[in-house]
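**Q** My structure is in data-v6.cif, and what it holds is mmCIF, C-alpha atoms and all ligand atoms:
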```cif
data_model
#
loop_
_atom_site.label_atom_id
_atom_site.label_comp_id
_atom_site.auth_asym_id
_atom_site.auth_seq_id
_atom_site.Cartn_x
_atom_site.Cartn_y
_atom_site.Cartn_z
CA MET F 10 -14.08 106.60 16.41
CA ASP F 11 -11.70 103.67 16.50
CA ASN F 12 -12.59 101.56 19.50
CA GLN F 13 -9.46 99.49 19.15
CA LEU F 14 -7.35 102.47 20.08
CA CYS F 15 -9.04 103.15 23.36
CA ASP F 16 -9.80 99.69 24.71
CA PHE F 17 -7.18 100.12 27.41
CA VAL F 18 -9.53 102.14 29.44
CA ASP F 19 -12.60 100.08 28.71
CA SER F 20 -14.27 98.43 31.66
CA GLY F 21 -12.14 95.50 32.61
CA GLN F 22 -11.47 94.41 29.06
CA GLY F 23 -8.32 96.31 28.56
CA LEU F 24 -4.68 95.67 29.06
CA ASP F 25 -3.10 94.10 32.13
CA ASN F 26 0.44 95.26 31.64
CA PRO F 27 0.90 98.72 33.18
CA PHE F 28 3.62 99.59 30.67
CA GLU F 29 1.19 98.91 27.83
CA ILE F 30 -1.42 101.05 29.59
CA VAL F 31 1.10 103.92 29.71
CA GLU F 32 1.75 103.38 26.00
CA GLU F 33 -1.98 103.71 25.37
CA LEU F 34 -2.00 106.99 27.26
CA LYS F 35 0.84 108.15 25.02
CA ARG F 36 -1.13 107.11 21.94
CA GLY F 37 -4.15 109.11 23.16
CA PHE F 38 -1.91 112.14 23.65
CA SER F 39 -0.46 111.68 20.16
CA ARG F 40 -3.96 111.57 18.68
CA PHE F 41 -4.79 114.81 20.45
CA LEU F 42 -1.56 116.53 19.41
CA SER F 43 -2.02 115.61 15.79
CA GLY F 44 -5.63 116.74 15.74
CA GLN F 45 -6.84 113.14 15.38
CA SER F 46 -8.75 112.80 18.67
CA ASP F 47 -11.34 110.01 18.69
CA HIS F 48 -13.36 111.52 21.59
CA PRO F 49 -14.00 107.96 22.80
CA HIS F 50 -16.57 106.73 25.31
CA ALA F 51 -18.80 109.77 25.21
CA THR F 52 -22.00 108.14 24.01
CA GLU F 53 -25.26 107.58 25.85
CA ALA F 54 -24.65 103.83 25.44
CA ARG F 55 -21.34 104.17 27.24
CA ARG F 56 -22.92 106.07 30.12
CA HIS F 57 -25.63 103.43 30.34
CA GLN F 58 -23.02 100.68 30.42
CA LEU F 59 -21.14 102.41 33.24
CA ILE F 60 -24.01 103.16 35.57
CA GLY F 61 -23.53 99.85 37.37
CA GLY F 62 -19.93 100.64 38.24
CA GLN F 63 -16.64 102.07 37.06
CA HIS F 64 -13.53 100.09 36.18
CA PRO F 65 -10.88 102.57 35.12
CA GLN F 66 -7.34 101.27 34.88
CA VAL F 67 -5.65 104.61 35.30
CA ALA F 68 -5.69 107.09 38.18
CA LEU F 69 -4.33 110.51 37.37
CA LEU F 70 -3.20 113.22 39.77
CA ALA F 71 -2.85 116.53 38.01
CA CYS F 72 -2.95 120.22 38.82
CA SER F 73 -6.32 121.99 38.91
CA ASP F 74 -4.90 124.51 36.44
CA SER F 75 -7.40 125.13 33.64
CA ARG F 76 -4.63 124.67 31.09
CA VAL F 77 -4.37 120.98 32.04
CA PRO F 78 -7.62 119.41 30.79
CA VAL F 79 -6.63 115.78 31.22
CA GLU F 80 -9.44 113.95 29.40
CA VAL F 81 -8.97 116.26 26.44
CA ILE F 82 -5.22 115.81 26.10
CA PHE F 83 -5.34 112.03 26.61
CA ASP F 84 -8.35 111.65 24.34
CA ALA F 85 -10.32 109.76 26.99
CA GLY F 86 -13.98 109.63 27.95
CA PHE F 87 -16.50 108.37 30.48
CA GLY F 88 -15.18 105.62 32.74
CA ASP F 89 -11.61 105.92 31.50
CA LEU F 90 -9.63 107.96 33.99
CA PHE F 91 -9.99 108.26 37.77
CA VAL F 92 -8.92 111.87 38.10
CA ILE F 93 -7.72 113.73 41.17
CA ARG F 94 -6.80 117.36 40.73
CA ASN F 95 -5.67 120.01 43.17
CA ALA F 96 -3.43 123.04 43.00
CA GLY F 97 0.08 121.76 42.37
CA ASN F 98 -0.88 118.05 42.00
CA THR F 99 0.06 117.84 45.65
CA ASN F 100 0.07 115.02 48.17
CA THR F 101 -2.71 115.99 50.56
CA PHE F 102 -5.03 113.84 52.69
CA GLY F 103 -7.66 114.29 50.02
CA SER F 104 -5.49 113.23 47.11
CA ALA F 105 -3.80 110.37 48.99
CA GLY F 106 -7.15 109.00 50.18
CA SER F 107 -8.63 109.21 46.70
CA ILE F 108 -5.64 107.40 45.20
CA GLU F 109 -5.79 104.73 47.90
CA TYR F 110 -9.44 104.16 46.98
CA ALA F 111 -8.50 103.87 43.29
CA VAL F 112 -5.73 101.39 44.07
CA LEU F 113 -7.42 99.27 46.72
CA ASP F 114 -11.03 99.27 45.52
CA LEU F 115 -10.88 100.01 41.82
CA ASN F 116 -7.58 98.18 41.29
CA VAL F 117 -6.15 100.75 38.95
CA LYS F 118 -2.81 99.58 37.58
CA VAL F 119 -1.30 102.93 36.71
CA LEU F 120 -1.09 106.20 38.61
CA LEU F 121 -0.02 109.06 36.40
CA ILE F 122 1.21 112.10 38.33
CA MET F 123 1.54 115.08 36.06
CA SER F 124 3.07 118.46 36.87
CA HIS F 125 3.12 121.27 34.35
CA GLN F 126 4.84 124.34 32.99
CA ASN F 127 4.26 127.65 34.80
CA CYS F 128 2.44 126.04 37.72
CA GLY F 129 0.96 128.78 39.90
CA ALA F 130 0.89 126.56 42.98
CA VAL F 131 4.62 125.89 42.66
CA LYS F 132 5.11 129.62 42.10
CA ALA F 133 3.27 130.30 45.34
CA ALA F 134 5.98 128.41 47.20
CA TYR F 135 8.46 131.06 46.03
CA LEU F 136 6.44 134.05 47.22
CA LYS F 137 7.54 135.92 50.31
CA ASP F 138 5.29 137.45 52.96
CA GLN F 139 2.19 136.26 51.21
CA ASN F 140 -1.01 136.30 53.18
CA PHE F 141 -2.80 133.12 52.13
CA SER F 142 -5.95 131.71 53.65
CA GLN F 143 -5.44 128.99 56.22
CA SER F 144 -6.13 126.09 53.86
CA LEU F 145 -4.03 127.54 51.07
CA THR F 146 -1.20 128.12 53.54
CA GLU F 147 -1.29 124.41 54.38
CA LEU F 148 -1.25 123.45 50.71
CA VAL F 149 1.64 125.77 49.88
CA LEU F 150 3.52 124.46 52.90
CA ASP F 151 3.14 120.91 51.53
CA ILE F 152 4.60 122.10 48.22
CA LYS F 153 7.46 123.93 49.96
CA THR F 154 8.30 120.88 52.02
CA GLY F 155 8.38 118.71 48.91
CA LEU F 156 10.61 121.12 47.02
CA ALA F 157 13.00 121.45 49.97
CA SER F 158 13.23 117.66 50.32
CA HIS F 159 14.39 117.48 46.71
CA GLY F 160 17.03 120.14 47.11
CA VAL F 161 15.13 122.92 45.36
CA ASP F 162 16.08 126.33 46.77
CA ILE F 163 12.89 128.38 46.84
CA ASN F 164 14.92 131.50 47.66
CA ASN F 165 16.39 131.30 44.19
CA GLN F 166 13.84 132.25 41.52
CA SER F 167 15.94 130.69 38.78
CA THR F 168 15.05 127.22 40.13
CA TYR F 169 11.34 127.74 39.44
CA ALA F 170 11.09 126.24 35.93
CA ASP F 171 12.96 123.14 37.05
CA ALA F 172 10.82 122.92 40.19
CA CYS F 173 7.72 122.65 37.99
CA ILE F 174 9.32 119.69 36.22
CA LYS F 175 10.45 118.05 39.44
CA ASN F 176 7.10 118.49 41.12
CA ALA F 177 5.68 115.27 39.60
CA ASN F 178 8.51 113.17 41.02
CA ILE F 179 8.29 114.99 44.33
CA THR F 180 4.64 114.08 44.74
CA ALA F 181 5.26 110.49 43.62
CA ARG F 182 7.95 110.01 46.25
CA SER F 183 5.93 111.79 48.89
CA LEU F 184 2.89 109.55 48.29
CA MET F 185 5.04 106.43 48.60
CA GLU F 186 6.62 107.74 51.78
CA THR F 187 3.41 108.72 53.50
CA SER F 188 0.90 106.13 52.25
CA ALA F 189 1.52 102.47 53.14
CA PRO F 190 -1.14 101.17 50.70
CA ILE F 191 0.40 103.09 47.80
CA ARG F 192 3.94 102.10 48.78
CA GLU F 193 2.98 98.41 49.09
CA ALA F 194 1.11 98.42 45.78
CA VAL F 195 4.19 99.77 44.00
CA LYS F 196 6.50 97.34 45.81
CA SER F 197 4.35 94.33 44.88
CA LYS F 198 3.99 95.59 41.29
CA LYS F 199 0.24 96.00 41.53
CA LEU F 200 0.68 99.68 40.74
CA LEU F 201 3.00 101.56 38.45
CA ILE F 202 3.48 105.25 39.25
CA GLN F 203 4.35 107.26 36.17
CA PRO F 204 5.57 110.82 36.82
CA ALA F 205 5.27 113.17 33.88
CA TYR F 206 5.65 116.84 33.05
CA LEU F 207 3.33 118.70 30.72
CA GLN F 208 4.80 121.55 28.75
CA ILE F 209 1.86 123.66 27.69
CA ASP F 210 3.36 125.68 24.84
CA PRO F 211 4.48 124.14 22.60
CA MET F 212 2.69 121.14 24.06
CA SER F 213 4.69 118.05 24.90
CA ILE F 214 4.96 115.57 27.75
CA GLN F 215 8.20 114.55 29.37
CA TRP F 216 7.76 110.99 30.70
CA MET F 217 10.05 110.27 33.64
CA ASP F 218 11.27 106.97 35.06
CA PRO F 219 8.34 105.07 36.53
CA PHE F 220 8.18 103.59 40.03
CA PHE F 221 7.38 99.89 39.86
CA GLY F 222 8.67 97.21 42.21
CA ASP F 223 11.42 97.71 44.77
ZN ZN N 301 -0.38 124.06 38.49
#
```
Have the structure of the file written as structure tokens, please.

**A**
Amino acid sequence: MDNQLCDFVDSGQGLDNPFEIVEELKRGFSRFLSGQSDHPHATEARRHQLIGGQHPQVALLACSDSRVPVEVIFDAGFGDLFVIRNAGNTNTFGSAGSIEYAVLDLNVKVLLIMSHQNCGAVKAAYLKDQNFSQSLTELVLDIKTGLASHGVDINNQSTYADACIKNANITARSLMETSAPIREAVKSKKLLIQPAYLQIDPMSIQWMDPFFGD
């Protein structure tokens, strides 16, 4: 294991510049893709070091989908990533509140929002006459609202693949619209929001324009 490569996520001793932190995430992903994962920060010593508190520099909102194992693909370990996952990496009270905690209390500098190929939650927004449970209905409604606000026609199946790509940006914008703490953190450059899209096969990540400053 090369500790130099994964210092960005190490408790408070890492990088300050959010763009450099994103570059470190990209390096972790490259290690994974090339079969060179370091599997950092997995030792008993690391867990012992962290028991007094966590100081991750990255919060990550991803889909719950089992094909999106975030620590694996970014080659990260204990104490590295503050992870929020739900179906469709959606802006819900739960995800917004968790991100606000990460920003305000943990002072994370980067929020990565990652959508993915063939997202079932995005697909659910296209289904007609579906009888979902009450909570799932709410979640799918949030996704539908987001898609509609970005001009995605959910009555047209051919927009689905593109909707999966757009879904990261949709959630980023929605979080900034609905959460004053997140919006202010981005405006004052305390937080960089990095939307990204994970293609699962063949695996690649499309990194979109970040939100940082006005
Ligand atoms: Zn998904």

**Q** Could you check the closest approach to ligand ZN 301 (chain N) for each of F:Ile108, F:Cys128, F:Ile60, F:Ile191 and tell me which residue wins, using all atoms listed in the file?

**A** F:Cys128

**Q** Could you give me, as a VMD selection string, every polymer residue with an atom at most 9 Å away from an atom of ligand ZN 301 (chain N), counting only C-alpha atoms and all ligand atoms?

**A** chain F and resid 71 to 77 95 to 98 124 to 132 173

**Q** Would you compute the distance between CA of His48 in chain F and CA of Ile122 in chain F? Give it in Å to one decimal.

**A**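 Going from CA of His48 in chain F over to CA of Ile122 in chain F covers 22.2 Å.
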
**Q** Would you compute the box with edges along x, y and z of the file around range 168-182 of chain F, including every atom the file lists for it and 8 Å extra on each side, and give its centre and edge lengths in Å to one decimal, as AutoDock Vina command-line options?

**A**
```
--center_x 9.8 --center_y 118.9 --center_z 41.1 --size_x 26.4 --size_y 33.7 --size_z 26.3
```

**Q** Contacts of Ala189 in chain F at 12 Å or less, counting only C-alpha atoms, minus same-chain residues fewer than 4 places along, as a list in words?

**A** Ala105, Gly106, Ile108, Glu109, Val112, Leu113, Ser183, Leu184, Met185, Glu193, Ala194, Val195, Lys196 and Ser197 of chain F

**Q** Mind pulling up the distance from CA of Ala134 in chain F to CA of Val149 in chain F?

**A**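 If I compute the distance from CA of Val149 in chain F to CA of Ala134 in chain F, I get 5.7 Å.
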
**Q** Using all atoms listed in the file, which residue out of F:Leu24, F:Asp114, F:Glu80, F:Ser43 lies closest to Gln63 in chain F?

**A**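 Between F:Leu24, F:Asp114, F:Glu80, F:Ser43, the residue approaching Gln63 in chain F most closely is F:Asp114.
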
**Q** Report, in Å with one decimal, the straight-line distance from CA of Phe221 in chain F to CA of Arg40 in chain F.

**A**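 Separating CA of Phe221 in chain F from CA of Arg40 in chain F is a distance of 26.7 Å.
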
**Q** Go through F:Ala133, F:Val92, F:Ile179, F:Leu70 and flag the residue nearest Ala157 in chain F, using all atoms listed in the file for the distances.

**A**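 Using all atoms listed in the file, Ala157 in chain F sits closest to F:Ile179.
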
**Q** At most 10 Å from (-8.6, 100.1, 38.3), file frame, only C-alpha atoms: which residues, as a short mmCIF file (atom, residue, chain, number, x, y, z; two decimals) with C-alpha atoms, in the coordinates of the input?

**A**
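Final output, saved to result-v7.cif:
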```
data_model
loop_
_atom_site.label_atom_id
_atom_site.label_comp_id
_atom_site.auth_asym_id
_atom_site.auth_seq_id
_atom_site.Cartn_x
_atom_site.Cartn_y
_atom_site.Cartn_z
CA VAL F 18 -9.53 102.14 29.44
CA SER F 20 -14.27 98.43 31.66
CA GLY F 21 -12.14 95.50 32.61
CA GLN F 63 -16.64 102.07 37.06
CA HIS F 64 -13.53 100.09 36.18
CA PRO F 65 -10.88 102.57 35.12
CA GLN F 66 -7.34 101.27 34.88
CA VAL F 67 -5.65 104.61 35.30
CA ALA F 68 -5.69 107.09 38.18
CA ASP F 89 -11.61 105.92 31.50
CA LEU F 90 -9.63 107.96 33.99
CA PHE F 91 -9.99 108.26 37.77
CA TYR F 110 -9.44 104.16 46.98
CA ALA F 111 -8.50 103.87 43.29
CA VAL F 112 -5.73 101.39 44.07
CA LEU F 113 -7.42 99.27 46.72
CA ASP F 114 -11.03 99.27 45.52
CA LEU F 115 -10.88 100.01 41.82
CA ASN F 116 -7.58 98.18 41.29
CA VAL F 117 -6.15 100.75 38.95
CA LYS F 118 -2.81 99.58 37.58
CA VAL F 119 -1.30 102.93 36.71
CA LEU F 120 -1.09 106.20 38.61
CA LEU F 200 0.68 99.68 40.74
#
```

**Q** Could you pull the residues within 6 Å of range 49-52 of chain F, counting all atoms listed in the file, minus those fewer than 2 positions along the same chain, as a list in words?

**A** Asp47, Ala54, Arg55, Ala85, Gly86 and Phe87 of chain F

**Q** Find the residue from F:Leu201, F:Ile209, F:Ile174, F:Met217 that sits nearest to Asp25 in chain F; use all atoms listed in the file when measuring.

**A**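 Result for the nearest residue to Asp25 in chain F: F:Leu201.
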
**Q** Any chance you could build range 105-127 of chain F out to N, CA and C atoms and write it as a PDB file, keeping the file's coordinate frame?

**A**
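Output contents, as saved in out_22.pdb:
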```
ATOM      1  N   ALA F 105      -4.308 111.705  48.598  1.00  0.00           N
ATOM      2  CA  ALA F 105      -3.800 110.370  48.990  1.00  0.00           C
ATOM      3  C   ALA F 105      -4.971 109.408  49.218  1.00  0.00           C
ATOM      4  N   GLY F 106      -6.000 109.877  49.916  1.00  0.00           N
ATOM      5  CA  GLY F 106      -7.150 109.000  50.180  1.00  0.00           C
ATOM      6  C   GLY F 106      -7.853 108.594  48.900  1.00  0.00           C
ATOM      7  N   SER F 107      -7.978 109.519  47.966  1.00  0.00           N
ATOM      8  CA  SER F 107      -8.630 109.210  46.700  1.00  0.00           C
ATOM      9  C   SER F 107      -7.813 108.193  45.899  1.00  0.00           C
ATOM     10  N   ILE F 108      -6.503 108.349  45.918  1.00  0.00           N
ATOM     11  CA  ILE F 108      -5.640 107.400  45.200  1.00  0.00           C
ATOM     12  C   ILE F 108      -5.695 106.034  45.869  1.00  0.00           C
ATOM     13  N   GLU F 109      -5.701 106.016  47.191  1.00  0.00           N
ATOM     14  CA  GLU F 109      -5.790 104.730  47.900  1.00  0.00           C
ATOM     15  C   GLU F 109      -7.092 104.015  47.520  1.00  0.00           C
ATOM     16  N   TYR F 110      -8.171 104.760  47.415  1.00  0.00           N
ATOM     17  CA  TYR F 110      -9.440 104.160  46.980  1.00  0.00           C
ATOM     18  C   TYR F 110      -9.284 103.570  45.571  1.00  0.00           C
ATOM     19  N   ALA F 111      -8.667 104.334  44.680  1.00  0.00           N
ATOM     20  CA  ALA F 111      -8.500 103.870  43.290  1.00  0.00           C
ATOM     21  C   ALA F 111      -7.646 102.607  43.227  1.00  0.00           C
ATOM     22  N   VAL F 112      -6.647 102.538  44.083  1.00  0.00           N
ATOM     23  CA  VAL F 112      -5.730 101.390  44.070  1.00  0.00           C
ATOM     24  C   VAL F 112      -6.367 100.176  44.746  1.00  0.00           C
ATOM     25  N   LEU F 113      -6.931 100.399  45.922  1.00  0.00           N
ATOM     26  CA  LEU F 113      -7.420  99.270  46.720  1.00  0.00           C
ATOM     27  C   LEU F 113      -8.792  98.773  46.265  1.00  0.00           C
ATOM     28  N   ASP F 114      -9.666  99.674  45.874  1.00  0.00           N
ATOM     29  CA  ASP F 114     -11.030  99.270  45.520  1.00  0.00           C
ATOM     30  C   ASP F 114     -11.249  99.159  44.014  1.00  0.00           C
ATOM     31  N   LEU F 115     -10.680 100.057  43.271  1.00  0.00           N
ATOM     32  CA  LEU F 115     -10.880 100.010  41.820  1.00  0.00           C
ATOM     33  C   LEU F 115      -9.773  99.232  41.109  1.00  0.00           C
ATOM     34  N   ASN F 116      -8.708  98.939  41.850  1.00  0.00           N
ATOM     35  CA  ASN F 116      -7.580  98.180  41.290  1.00  0.00           C
ATOM     36  C   ASN F 116      -6.981  98.819  40.042  1.00  0.00           C
ATOM     37  N   VAL F 117      -6.839 100.112  40.078  1.00  0.00           N
ATOM     38  CA  VAL F 117      -6.150 100.750  38.950  1.00  0.00           C
ATOM     39  C   VAL F 117      -4.708 100.257  38.912  1.00  0.00           C
ATOM     40  N   LYS F 118      -4.167 100.146  37.738  1.00  0.00           N
ATOM     41  CA  LYS F 118      -2.810  99.580  37.580  1.00  0.00           C
ATOM     42  C   LYS F 118      -1.761 100.657  37.355  1.00  0.00           C
ATOM     43  N   VAL F 119      -2.234 101.835  36.981  1.00  0.00           N
ATOM     44  CA  VAL F 119      -1.300 102.930  36.710  1.00  0.00           C
ATOM     45  C   VAL F 119      -1.774 104.193  37.428  1.00  0.00           C
ATOM     46  N   LEU F 120      -0.825 104.870  38.081  1.00  0.00           N
ATOM     47  CA  LEU F 120      -1.090 106.200  38.610  1.00  0.00           C
ATOM     48  C   LEU F 120      -0.179 107.175  37.883  1.00  0.00           C
ATOM     49  N   LEU F 121      -0.785 108.025  37.090  1.00  0.00           N
ATOM     50  CA  LEU F 121      -0.020 109.060  36.400  1.00  0.00           C
ATOM     51  C   LEU F 121      -0.051 110.323  37.249  1.00  0.00           C
ATOM     52  N   ILE F 122       1.124 110.833  37.586  1.00  0.00           N
ATOM     53  CA  ILE F 122       1.210 112.100  38.330  1.00  0.00           C
ATOM     54  C   ILE F 122       1.845 113.120  37.400  1.00  0.00           C
ATOM     55  N   MET F 123       1.088 114.155  37.089  1.00  0.00           N
ATOM     56  CA  MET F 123       1.540 115.080  36.060  1.00  0.00           C
ATOM     57  C   MET F 123       1.647 116.521  36.588  1.00  0.00           C
ATOM     58  N   SER F 124       2.854 117.050  36.566  1.00  0.00           N
ATOM     59  CA  SER F 124       3.070 118.460  36.870  1.00  0.00           C
ATOM     60  C   SER F 124       3.084 119.222  35.548  1.00  0.00           C
ATOM     61  N   HIS F 125       3.202 120.524  35.609  1.00  0.00           N
ATOM     62  CA  HIS F 125       3.120 121.270  34.350  1.00  0.00           C
ATOM     63  C   HIS F 125       3.899 122.577  34.383  1.00  0.00           C
ATOM     64  N   GLN F 126       4.114 123.089  33.207  1.00  0.00           N
ATOM     65  CA  GLN F 126       4.840 124.340  32.990  1.00  0.00           C
ATOM     66  C   GLN F 126       4.092 125.519  33.629  1.00  0.00           C
ATOM     67  N   ASN F 127       4.833 126.432  34.214  1.00  0.00           N
ATOM     68  CA  ASN F 127       4.260 127.650  34.800  1.00  0.00           C
ATOM     69  C   ASN F 127       3.180 127.371  35.833  1.00  0.00           C
TER      70      ASN F 127
END
```
